Amino acid sequence: MNKDFKFTIKSVCFDENYQPSDNTRITTNFANLARGKSRQENLRNTLKMIDNRFNALAHWDNPKGDRYTLELDIISVEMNIDVASSGNALPLIEILKPTIVDRKTKQRIAGIVGNNFSSYVRDYDFSVLLQGHNKNQPSFSTPDNFGDLHGKLFKCFVNSNTYQEHFNKPPVICLSVSSNKAYQRTDNQHAVLGFEYQQNEYSLTDEYFNKMGLQVRYFMPPNSVAPLSFYFAGDLLSDYTDLELISTISTMDTFQKIYRPEIYNANSVAGKSYRPSLQHQDYSLTRIVYDREERSQLAVEQGKFVEEHFIKPYQATLEQWSANYAL
């Protein structure tokens, strides 16, 4: 049944003139930044923060701190279950693709695709299925096979000819660390990724991404105040160049300062033993407007959308495909 799934990739430039299309997932964080009267200033300031962070990390042969700039493209992946039909395509996921522009050599260098990760099915799993499963229950639990379908759909895409034709390396997804887990700093230090942190127990998000074929490591890059979660396949430290890793760090460190200022724009640096908290009060705000409450509400709405237009209509097909899917 794998042949019955057709993936289509669309790309749009994420710059100060970016405007979300009508079918863009409105819970996508970069779409949230691009709405309202402050949209252009939001986007301009965000991109400047990313460039500044990149140049601070790529400081060698860069005396003025302005050698590099990042261009970002939003990659939208649509999936058709019936390849004979071009209609009813589901906007499956959205990720970011950075391109590094070296102003000194005039080179354009591909960064790591991935970065921010948005998914309709993930919205359904966490905001509809998981919430419904735990409603009025005395203790938290996950439904049977939670995340299995999403994980297999993601692996199917990454291993598809469509992905291979567009990208030459596996994706790296970079997210916030969990606010209900504790992290311990190790002595392992990477020149770009910084100090590695470890935890004794994986979060639900870690387990969910593991079903997507991605393992996780936690690093706090130089001059960051909290570790980031890096989800990857293969070897994070040897599969990617320093500039490629910096493209991910500078992009997601900036976004997390906007999305999670309590953690990533805190006025104190994470210590050897660290437990992140969204209730932390000693932090600074960026000049960028971001509506976190609206995003949470929209996640539920779009989770219900995918339930109505994808999960229920194709339930039998999806269950049969998932049961038989193997790489």
# chains A, B, ... in the order shown; residues from 1 in each chain; ligands from 1
>>> residues_around(residues="A:Thr205", least_positions_apart="4", cutoff="12 Å", atoms="only C-alpha atoms", output="JSON, numbers by chain")
{"A": [122, 125, 126, 142, 146, 147, 151, 173, 174, 175, 176, 177, 178, 179, 180, 181, 201, 209, 210, 211, 212, 214, 215, 216, 229, 230, 231]}
>>> closest_atom_pairs(of="stretch 94-159 of chain A", to="stretch 242-245 of chain A", cutoff="12 Å", atoms="only C-alpha atoms", output="CSV")
residue,atom,partner,partner_atom,distance
A:Lys97,CA,A:Glu244,CA,10.9
A:Pro98,CA,A:Glu244,CA,8.8
A:Thr99,CA,A:Glu244,CA,9.1
A:Ile100,CA,A:Leu243,CA,8.0
A:Val101,CA,A:Leu243,CA,10.7
A:Asp102,CA,A:Leu243,CA,10.5
A:Arg108,CA,A:Leu243,CA,11.6
A:Ile109,CA,A:Glu244,CA,8.3
A:Ala110,CA,A:Glu244,CA,7.4
A:Gly111,CA,A:Glu244,CA,4.7
A:Ile112,CA,A:Glu244,CA,5.8
A:Val113,CA,A:Glu244,CA,9.5
A:Gly114,CA,A:Leu245,CA,11.4
A:Asn115,CA,A:Leu245,CA,10.3
>>> residues_around(residues="A:Asp73", least_positions_apart="5", cutoff="7 Å", atoms="only C-alpha atoms", output="list in words")
Ser11, Val12, Cys13, Phe14, Leu96, Lys97 and Pro98 of chain A
>>> residues_around(residues="A:Phe140", least_positions_apart="6", cutoff="12 Å", atoms="only C-alpha atoms", output="list in words")
Leu130, Gln131, Gly132, His133, Asn134 and Leu204 of chain A
>>> closest_atom_pairs(of="stretch 141-247 of chain A", to="stretch 46-58 of chain A", cutoff="9 Å", atoms="only C-alpha atoms", output="JSON lines")
{"residue": "A:Val192", "atom": "CA", "partner": "A:Leu57", "partner_atom": "CA", "distance": 7.0}
{"residue": "A:Pro221", "atom": "CA", "partner": "A:Leu57", "partner_atom": "CA", "distance": 8.7}
{"residue": "A:Pro222", "atom": "CA", "partner": "A:Leu57", "partner_atom": "CA", "distance": 7.5}
{"residue": "A:Asn223", "atom": "CA", "partner": "A:Leu57", "partner_atom": "CA", "distance": 8.9}
{"residue": "A:Asp242", "atom": "CA", "partner": "A:Ala58", "partner_atom": "CA", "distance": 8.3}
{"residue": "A:Leu243", "atom": "CA", "partner": "A:Ala58", "partner_atom": "CA", "distance": 7.2}
{"residue": "A:Ile246", "atom": "CA", "partner": "A:Phe54", "partner_atom": "CA", "distance": 6.2}
{"residue": "A:Ser247", "atom": "CA", "partner": "A:Phe54", "partner_atom": "CA", "distance": 6.7}
>>> write_last_selection(atoms="N, CA and C atoms", output="compact mmCIF listing (two decimals), in the first residue's frame")
# COMPACT_ATOMS: atom_id res chain seq x y z
N VAL A 192 30.21 23.63 18.76
CA VAL A 192 29.05 24.39 18.28
C VAL A 192 27.80 24.10 19.10
N PRO A 221 23.86 25.30 23.49
CA PRO A 221 24.90 25.96 22.68
C PRO A 221 25.54 27.14 23.43
N PRO A 222 26.74 27.54 23.01
CA PRO A 222 27.42 28.68 23.64
C PRO A 222 26.53 29.92 23.67
N ASN A 223 26.50 30.58 24.82
CA ASN A 223 25.73 31.82 25.05
C ASN A 223 24.21 31.60 25.02
N ASP A 242 29.70 22.04 10.91
CA ASP A 242 29.46 23.06 11.93
C ASP A 242 28.49 24.12 11.43
N LEU A 243 28.65 24.56 10.17
CA LEU A 243 27.75 25.59 9.64
C LEU A 243 26.32 25.06 9.52
N ILE A 246 24.90 25.15 12.96
CA ILE A 246 24.65 26.53 13.37
C ILE A 246 23.37 27.06 12.73
N SER A 247 23.08 26.62 11.51
CA SER A 247 21.85 27.07 10.86
C SER A 247 20.63 26.63 11.67
>>> residues_around(residues="A:His309", least_positions_apart="3", cutoff="12 Å", atoms="only C-alpha atoms", output="PDB file with all heavy atoms, in the first residue's frame")
ATOM      1  N   ASN A  88      -8.173  16.609  -2.614  1.00  0.00           N
ATOM      2  CA  ASN A  88      -8.239  16.143  -1.234  1.00  0.00           C
ATOM      3  C   ASN A  88      -6.878  15.802  -0.641  1.00  0.00           C
ATOM      4  O   ASN A  88      -6.746  14.863   0.147  1.00  0.00           O
ATOM      5  CB  ASN A  88      -9.172  14.929  -1.119  1.00  0.00           C
ATOM      6  CG  ASN A  88     -10.588  15.250  -1.551  1.00  0.00           C
ATOM      7  OD1 ASN A  88     -11.106  16.318  -1.252  1.00  0.00           O
ATOM      8  ND2 ASN A  88     -11.195  14.331  -2.284  1.00  0.00           N
ATOM      9  N   ALA A  89      -5.850  16.530  -1.023  1.00  0.00           N
ATOM     10  CA  ALA A  89      -4.532  16.305  -0.447  1.00  0.00           C
ATOM     11  C   ALA A  89      -4.500  16.861   0.977  1.00  0.00           C
ATOM     12  O   ALA A  89      -5.007  17.950   1.247  1.00  0.00           O
ATOM     13  CB  ALA A  89      -3.455  16.985  -1.288  1.00  0.00           C
ATOM     14  N   LEU A  90      -3.920  16.102   1.897  1.00  0.00           N
ATOM     15  CA  LEU A  90      -3.787  16.545   3.281  1.00  0.00           C
ATOM     16  C   LEU A  90      -2.463  17.269   3.451  1.00  0.00           C
ATOM     17  O   LEU A  90      -1.412  16.718   3.109  1.00  0.00           O
ATOM     18  CB  LEU A  90      -3.829  15.357   4.234  1.00  0.00           C
ATOM     19  CG  LEU A  90      -3.598  15.743   5.708  1.00  0.00           C
ATOM     20  CD1 LEU A  90      -4.862  16.339   6.303  1.00  0.00           C
ATOM     21  CD2 LEU A  90      -3.125  14.555   6.524  1.00  0.00           C
ATOM     22  N   PRO A  91      -2.487  18.517   3.949  1.00  0.00           N
ATOM     23  CA  PRO A  91      -1.209  19.175   4.284  1.00  0.00           C
ATOM     24  C   PRO A  91      -0.617  18.497   5.516  1.00  0.00           C
ATOM     25  O   PRO A  91      -0.960  18.819   6.651  1.00  0.00           O
ATOM     26  CB  PRO A  91      -1.628  20.629   4.543  1.00  0.00           C
ATOM     27  CG  PRO A  91      -3.080  20.564   4.887  1.00  0.00           C
ATOM     28  CD  PRO A  91      -3.641  19.366   4.195  1.00  0.00           C
ATOM     29  N   TYR A 120      -0.354  18.220  11.222  1.00  0.00           N
ATOM     30  CA  TYR A 120      -1.787  18.087  11.462  1.00  0.00           C
ATOM     31  C   TYR A 120      -2.087  16.850  12.320  1.00  0.00           C
ATOM     32  O   TYR A 120      -2.866  16.898  13.267  1.00  0.00           O
ATOM     33  CB  TYR A 120      -2.518  17.929  10.125  1.00  0.00           C
ATOM     34  CG  TYR A 120      -3.137  19.191   9.575  1.00  0.00           C
ATOM     35  CD1 TYR A 120      -2.767  19.689   8.328  1.00  0.00           C
ATOM     36  CD2 TYR A 120      -4.114  19.867  10.290  1.00  0.00           C
ATOM     37  CE1 TYR A 120      -3.352  20.829   7.805  1.00  0.00           C
ATOM     38  CE2 TYR A 120      -4.709  21.011   9.778  1.00  0.00           C
ATOM     39  CZ  TYR A 120      -4.320  21.484   8.533  1.00  0.00           C
ATOM     40  OH  TYR A 120      -4.902  22.615   8.020  1.00  0.00           O
ATOM     41  N   VAL A 121      -1.497  15.708  11.958  1.00  0.00           N
ATOM     42  CA  VAL A 121      -1.791  14.469  12.679  1.00  0.00           C
ATOM     43  C   VAL A 121      -1.279  14.561  14.114  1.00  0.00           C
ATOM     44  O   VAL A 121      -1.912  14.037  15.043  1.00  0.00           O
ATOM     45  CB  VAL A 121      -1.188  13.254  11.942  1.00  0.00           C
ATOM     46  CG1 VAL A 121      -1.467  11.965  12.703  1.00  0.00           C
ATOM     47  CG2 VAL A 121      -1.759  13.151  10.526  1.00  0.00           C
ATOM     48  N   TYR A 124      -3.818  16.328  16.055  1.00  0.00           N
ATOM     49  CA  TYR A 124      -4.909  15.404  16.382  1.00  0.00           C
ATOM     50  C   TYR A 124      -4.528  14.500  17.545  1.00  0.00           C
ATOM     51  O   TYR A 124      -5.292  14.331  18.508  1.00  0.00           O
ATOM     52  CB  TYR A 124      -5.273  14.566  15.161  1.00  0.00           C
ATOM     53  CG  TYR A 124      -6.111  13.353  15.504  1.00  0.00           C
ATOM     54  CD1 TYR A 124      -7.462  13.491  15.834  1.00  0.00           C
ATOM     55  CD2 TYR A 124      -5.543  12.086  15.528  1.00  0.00           C
ATOM     56  CE1 TYR A 124      -8.223  12.379  16.172  1.00  0.00           C
ATOM     57  CE2 TYR A 124      -6.300  10.970  15.867  1.00  0.00           C
ATOM     58  CZ  TYR A 124      -7.634  11.125  16.197  1.00  0.00           C
ATOM     59  OH  TYR A 124      -8.377  10.022  16.541  1.00  0.00           O
ATOM     60  N   GLN A 302      -7.607  22.446  14.753  1.00  0.00           N
ATOM     61  CA  GLN A 302      -7.014  21.775  13.593  1.00  0.00           C
ATOM     62  C   GLN A 302      -6.862  20.283  13.835  1.00  0.00           C
ATOM     63  O   GLN A 302      -6.867  19.498  12.893  1.00  0.00           O
ATOM     64  CB  GLN A 302      -5.694  22.450  13.231  1.00  0.00           C
ATOM     65  CG  GLN A 302      -5.953  23.880  12.789  1.00  0.00           C
ATOM     66  CD  GLN A 302      -4.810  24.512  12.028  1.00  0.00           C
ATOM     67  OE1 GLN A 302      -5.017  25.443  11.290  1.00  0.00           O
ATOM     68  NE2 GLN A 302      -3.605  24.019  12.214  1.00  0.00           N
ATOM     69  N   GLY A 303      -6.751  19.887  15.093  1.00  0.00           N
ATOM     70  CA  GLY A 303      -6.793  18.465  15.409  1.00  0.00           C
ATOM     71  C   GLY A 303      -8.142  17.870  15.044  1.00  0.00           C
ATOM     72  O   GLY A 303      -8.233  16.759  14.505  1.00  0.00           O
ATOM     73  N   LYS A 304      -9.218  18.614  15.327  1.00  0.00           N
ATOM     74  CA  LYS A 304     -10.562  18.166  14.963  1.00  0.00           C
ATOM     75  C   LYS A 304     -10.744  18.158  13.444  1.00  0.00           C
ATOM     76  O   LYS A 304     -11.447  17.298  12.895  1.00  0.00           O
ATOM     77  CB  LYS A 304     -11.605  19.064  15.620  1.00  0.00           C
ATOM     78  CG  LYS A 304     -11.667  18.908  17.144  1.00  0.00           C
ATOM     79  CD  LYS A 304     -12.690  19.844  17.760  1.00  0.00           C
ATOM     80  CE  LYS A 304     -12.755  19.656  19.282  1.00  0.00           C
ATOM     81  NZ  LYS A 304     -13.705  20.613  19.901  1.00  0.00           N
ATOM     82  N   PHE A 305     -10.104  19.105  12.768  1.00  0.00           N
ATOM     83  CA  PHE A 305     -10.170  19.154  11.305  1.00  0.00           C
ATOM     84  C   PHE A 305      -9.587  17.881  10.699  1.00  0.00           C
ATOM     85  O   PHE A 305     -10.185  17.274   9.800  1.00  0.00           O
ATOM     86  CB  PHE A 305      -9.414  20.378  10.787  1.00  0.00           C
ATOM     87  CG  PHE A 305      -9.252  20.408   9.285  1.00  0.00           C
ATOM     88  CD1 PHE A 305     -10.232  20.950   8.474  1.00  0.00           C
ATOM     89  CD2 PHE A 305      -8.111  19.887   8.682  1.00  0.00           C
ATOM     90  CE1 PHE A 305     -10.085  20.973   7.088  1.00  0.00           C
ATOM     91  CE2 PHE A 305      -7.952  19.899   7.302  1.00  0.00           C
ATOM     92  CZ  PHE A 305      -8.948  20.449   6.503  1.00  0.00           C
ATOM     93  N   VAL A 306      -8.419  17.463  11.180  1.00  0.00           N
ATOM     94  CA  VAL A 306      -7.781  16.276  10.601  1.00  0.00           C
ATOM     95  C   VAL A 306      -8.560  15.010  10.976  1.00  0.00           C
ATOM     96  O   VAL A 306      -8.614  14.048  10.208  1.00  0.00           O
ATOM     97  CB  VAL A 306      -6.299  16.170  11.033  1.00  0.00           C
ATOM     98  CG1 VAL A 306      -6.151  15.650  12.462  1.00  0.00           C
ATOM     99  CG2 VAL A 306      -5.524  15.262  10.091  1.00  0.00           C
ATOM    100  N   LYS A 312     -11.094   9.846  10.203  1.00  0.00           N
ATOM    101  CA  LYS A 312     -12.358   9.097  10.091  1.00  0.00           C
ATOM    102  C   LYS A 312     -12.649   8.611   8.676  1.00  0.00           C
ATOM    103  O   LYS A 312     -12.986   7.435   8.479  1.00  0.00           O
ATOM    104  CB  LYS A 312     -13.506   9.946  10.634  1.00  0.00           C
ATOM    105  CG  LYS A 312     -13.499  10.073  12.159  1.00  0.00           C
ATOM    106  CD  LYS A 312     -14.705  10.843  12.660  1.00  0.00           C
ATOM    107  CE  LYS A 312     -14.727  10.874  14.192  1.00  0.00           C
ATOM    108  NZ  LYS A 312     -15.891  11.638  14.711  1.00  0.00           N
ATOM    109  N   PRO A 313     -12.520   9.457   7.640  1.00  0.00           N
ATOM    110  CA  PRO A 313     -12.850   8.973   6.287  1.00  0.00           C
ATOM    111  C   PRO A 313     -11.954   7.831   5.812  1.00  0.00           C
ATOM    112  O   PRO A 313     -12.389   6.977   5.039  1.00  0.00           O
ATOM    113  CB  PRO A 313     -12.663  10.213   5.408  1.00  0.00           C
ATOM    114  CG  PRO A 313     -12.766  11.370   6.329  1.00  0.00           C
ATOM    115  CD  PRO A 313     -12.219  10.901   7.637  1.00  0.00           C
ATOM    116  N   TYR A 314     -10.693   7.834   6.238  1.00  0.00           N
ATOM    117  CA  TYR A 314      -9.740   6.838   5.740  1.00  0.00           C
ATOM    118  C   TYR A 314      -9.283   5.874   6.834  1.00  0.00           C
ATOM    119  O   TYR A 314      -8.219   5.264   6.729  1.00  0.00           O
ATOM    120  CB  TYR A 314      -8.522   7.542   5.137  1.00  0.00           C
ATOM    121  CG  TYR A 314      -8.851   8.448   3.976  1.00  0.00           C
ATOM    122  CD1 TYR A 314      -8.877   9.830   4.138  1.00  0.00           C
ATOM    123  CD2 TYR A 314      -9.143   7.918   2.723  1.00  0.00           C
ATOM    124  CE1 TYR A 314      -9.183  10.668   3.072  1.00  0.00           C
ATOM    125  CE2 TYR A 314      -9.455   8.740   1.653  1.00  0.00           C
ATOM    126  CZ  TYR A 314      -9.476  10.119   1.836  1.00  0.00           C
ATOM    127  OH  TYR A 314      -9.786  10.935   0.781  1.00  0.00           O
ATOM    128  N   GLN A 315     -10.093   5.733   7.878  1.00  0.00           N
ATOM    129  CA  GLN A 315      -9.659   4.948   9.042  1.00  0.00           C
ATOM    130  C   GLN A 315      -9.272   3.525   8.669  1.00  0.00           C
ATOM    131  O   GLN A 315      -8.211   3.030   9.066  1.00  0.00           O
ATOM    132  CB  GLN A 315     -10.759   4.933  10.106  1.00  0.00           C
ATOM    133  CG  GLN A 315     -10.332   4.238  11.396  1.00  0.00           C
ATOM    134  CD  GLN A 315     -11.339   4.439  12.516  1.00  0.00           C
ATOM    135  OE1 GLN A 315     -12.394   5.024  12.321  1.00  0.00           O
ATOM    136  NE2 GLN A 315     -11.002   3.959  13.687  1.00  0.00           N
TER     137      GLN A 315
END
>>> select_by_dssp(residues="stretch 38-74 of chain A", states="strand (DSSP E or B)", output="VMD selection string")
chain A and resid 68 to 74
>>> select_by_dssp(residues="stretch 84-187 of chain A", states="alpha helix (DSSP H)", output="PyMOL selection string")
chain A and resi 120-124+130-134+148-158+161-166
>>> decode(residues="stretch 165-176 of chain A", atoms="all heavy atoms", output="mmCIF file, in the first residue's frame")
data_model
loop_
_atom_site.group_PDB
_atom_site.id
_atom_site.type_symbol
_atom_site.label_atom_id
_atom_site.label_comp_id
_atom_site.auth_asym_id
_atom_site.auth_seq_id
_atom_site.Cartn_x
_atom_site.Cartn_y
_atom_site.Cartn_z
ATOM 1 N N GLU A 165 14.755 13.417 -3.555
ATOM 2 C CA GLU A 165 14.964 14.329 -4.682
ATOM 3 C C GLU A 165 15.190 15.771 -4.249
ATOM 4 O O GLU A 165 15.835 16.545 -4.960
ATOM 5 C CB GLU A 165 13.751 14.264 -5.623
ATOM 6 C CG GLU A 165 13.647 12.953 -6.407
ATOM 7 C CD GLU A 165 12.285 12.799 -7.074
ATOM 8 O OE1 GLU A 165 11.460 13.744 -6.947
ATOM 9 O OE2 GLU A 165 12.037 11.746 -7.678
ATOM 10 N N HIS A 166 14.671 16.137 -3.087
ATOM 11 C CA HIS A 166 14.747 17.530 -2.638
ATOM 12 C C HIS A 166 15.832 17.782 -1.595
ATOM 13 O O HIS A 166 16.364 18.897 -1.520
ATOM 14 C CB HIS A 166 13.391 17.969 -2.067
ATOM 15 C CG HIS A 166 12.334 18.219 -3.099
ATOM 16 N ND1 HIS A 166 11.580 17.202 -3.657
ATOM 17 C CD2 HIS A 166 11.906 19.370 -3.682
ATOM 18 C CE1 HIS A 166 10.735 17.719 -4.532
ATOM 19 N NE2 HIS A 166 10.908 19.020 -4.570
ATOM 20 N N PHE A 167 16.170 16.779 -0.789
ATOM 21 C CA PHE A 167 17.087 16.993 0.332
ATOM 22 C C PHE A 167 18.145 15.894 0.362
ATOM 23 O O PHE A 167 17.842 14.727 0.125
ATOM 24 C CB PHE A 167 16.310 17.018 1.654
ATOM 25 C CG PHE A 167 15.086 17.888 1.604
ATOM 26 C CD1 PHE A 167 13.817 17.325 1.654
ATOM 27 C CD2 PHE A 167 15.188 19.266 1.480
ATOM 28 C CE1 PHE A 167 12.674 18.109 1.594
ATOM 29 C CE2 PHE A 167 14.052 20.063 1.414
ATOM 30 C CZ PHE A 167 12.797 19.485 1.474
ATOM 31 N N ASN A 168 19.385 16.295 0.671
ATOM 32 C CA ASN A 168 20.478 15.321 0.599
ATOM 33 C C ASN A 168 20.876 14.742 1.947
ATOM 34 O O ASN A 168 21.757 13.887 2.019
ATOM 35 C CB ASN A 168 21.710 15.949 -0.073
ATOM 36 C CG ASN A 168 22.219 17.184 0.664
ATOM 37 O OD1 ASN A 168 21.736 17.516 1.751
ATOM 38 N ND2 ASN A 168 23.187 17.863 0.079
ATOM 39 N N LYS A 169 20.236 15.197 3.034
ATOM 40 C CA LYS A 169 20.527 14.650 4.356
ATOM 41 C C LYS A 169 19.234 14.481 5.139
ATOM 42 O O LYS A 169 18.240 15.177 4.866
ATOM 43 C CB LYS A 169 21.490 15.561 5.129
ATOM 44 C CG LYS A 169 22.912 15.581 4.568
ATOM 45 C CD LYS A 169 23.854 16.363 5.491
ATOM 46 C CE LYS A 169 25.272 16.357 4.940
ATOM 47 N NZ LYS A 169 26.221 17.067 5.842
ATOM 48 N N PRO A 170 19.235 13.589 6.134
ATOM 49 C CA PRO A 170 18.033 13.424 6.965
ATOM 50 C C PRO A 170 17.724 14.698 7.747
ATOM 51 O O PRO A 170 18.613 15.523 8.003
ATOM 52 C CB PRO A 170 18.411 12.274 7.917
ATOM 53 C CG PRO A 170 19.560 11.576 7.264
ATOM 54 C CD PRO A 170 20.296 12.628 6.498
ATOM 55 N N PRO A 171 16.466 14.881 8.144
ATOM 56 C CA PRO A 171 16.082 16.088 8.882
ATOM 57 C C PRO A 171 16.569 16.077 10.316
ATOM 58 O O PRO A 171 16.841 15.018 10.893
ATOM 59 C CB PRO A 171 14.549 16.040 8.830
ATOM 60 C CG PRO A 171 14.230 14.579 8.749
ATOM 61 C CD PRO A 171 15.324 13.969 7.921
ATOM 62 N N VAL A 172 16.689 17.256 10.887
ATOM 63 C CA VAL A 172 16.917 17.423 12.321
ATOM 64 C C VAL A 172 15.839 18.370 12.837
ATOM 65 O O VAL A 172 15.694 19.479 12.330
ATOM 66 C CB VAL A 172 18.313 18.004 12.629
ATOM 67 C CG1 VAL A 172 18.452 18.290 14.129
ATOM 68 C CG2 VAL A 172 19.405 17.042 12.184
ATOM 69 N N ILE A 173 15.063 17.900 13.811
ATOM 70 C CA ILE A 173 14.019 18.712 14.422
ATOM 71 C C ILE A 173 14.548 19.241 15.748
ATOM 72 O O ILE A 173 15.136 18.489 16.531
ATOM 73 C CB ILE A 173 12.736 17.897 14.667
ATOM 74 C CG1 ILE A 173 12.323 17.136 13.404
ATOM 75 C CG2 ILE A 173 11.615 18.785 15.174
ATOM 76 C CD1 ILE A 173 11.996 17.985 12.222
ATOM 77 N N CYS A 174 14.364 20.511 16.010
ATOM 78 C CA CYS A 174 14.883 21.130 17.230
ATOM 79 C C CYS A 174 13.721 21.751 18.004
ATOM 80 O O CYS A 174 13.031 22.633 17.488
ATOM 81 C CB CYS A 174 15.926 22.186 16.881
ATOM 82 S SG CYS A 174 16.724 22.935 18.311
ATOM 83 N N LEU A 175 13.489 21.271 19.228
ATOM 84 C CA LEU A 175 12.373 21.725 20.040
ATOM 85 C C LEU A 175 12.834 22.138 21.437
ATOM 86 O O LEU A 175 13.973 21.911 21.825
ATOM 87 C CB LEU A 175 11.330 20.605 20.174
ATOM 88 C CG LEU A 175 10.721 20.032 18.897
ATOM 89 C CD1 LEU A 175 9.740 18.921 19.245
ATOM 90 C CD2 LEU A 175 10.034 21.113 18.081
ATOM 91 N N SER A 176 11.910 22.696 22.192
ATOM 92 C CA SER A 176 12.161 23.029 23.589
ATOM 93 C C SER A 176 12.306 21.754 24.412
ATOM 94 O O SER A 176 11.704 20.715 24.095
ATOM 95 C CB SER A 176 11.000 23.860 24.133
ATOM 96 O OG SER A 176 11.061 23.986 25.533
#
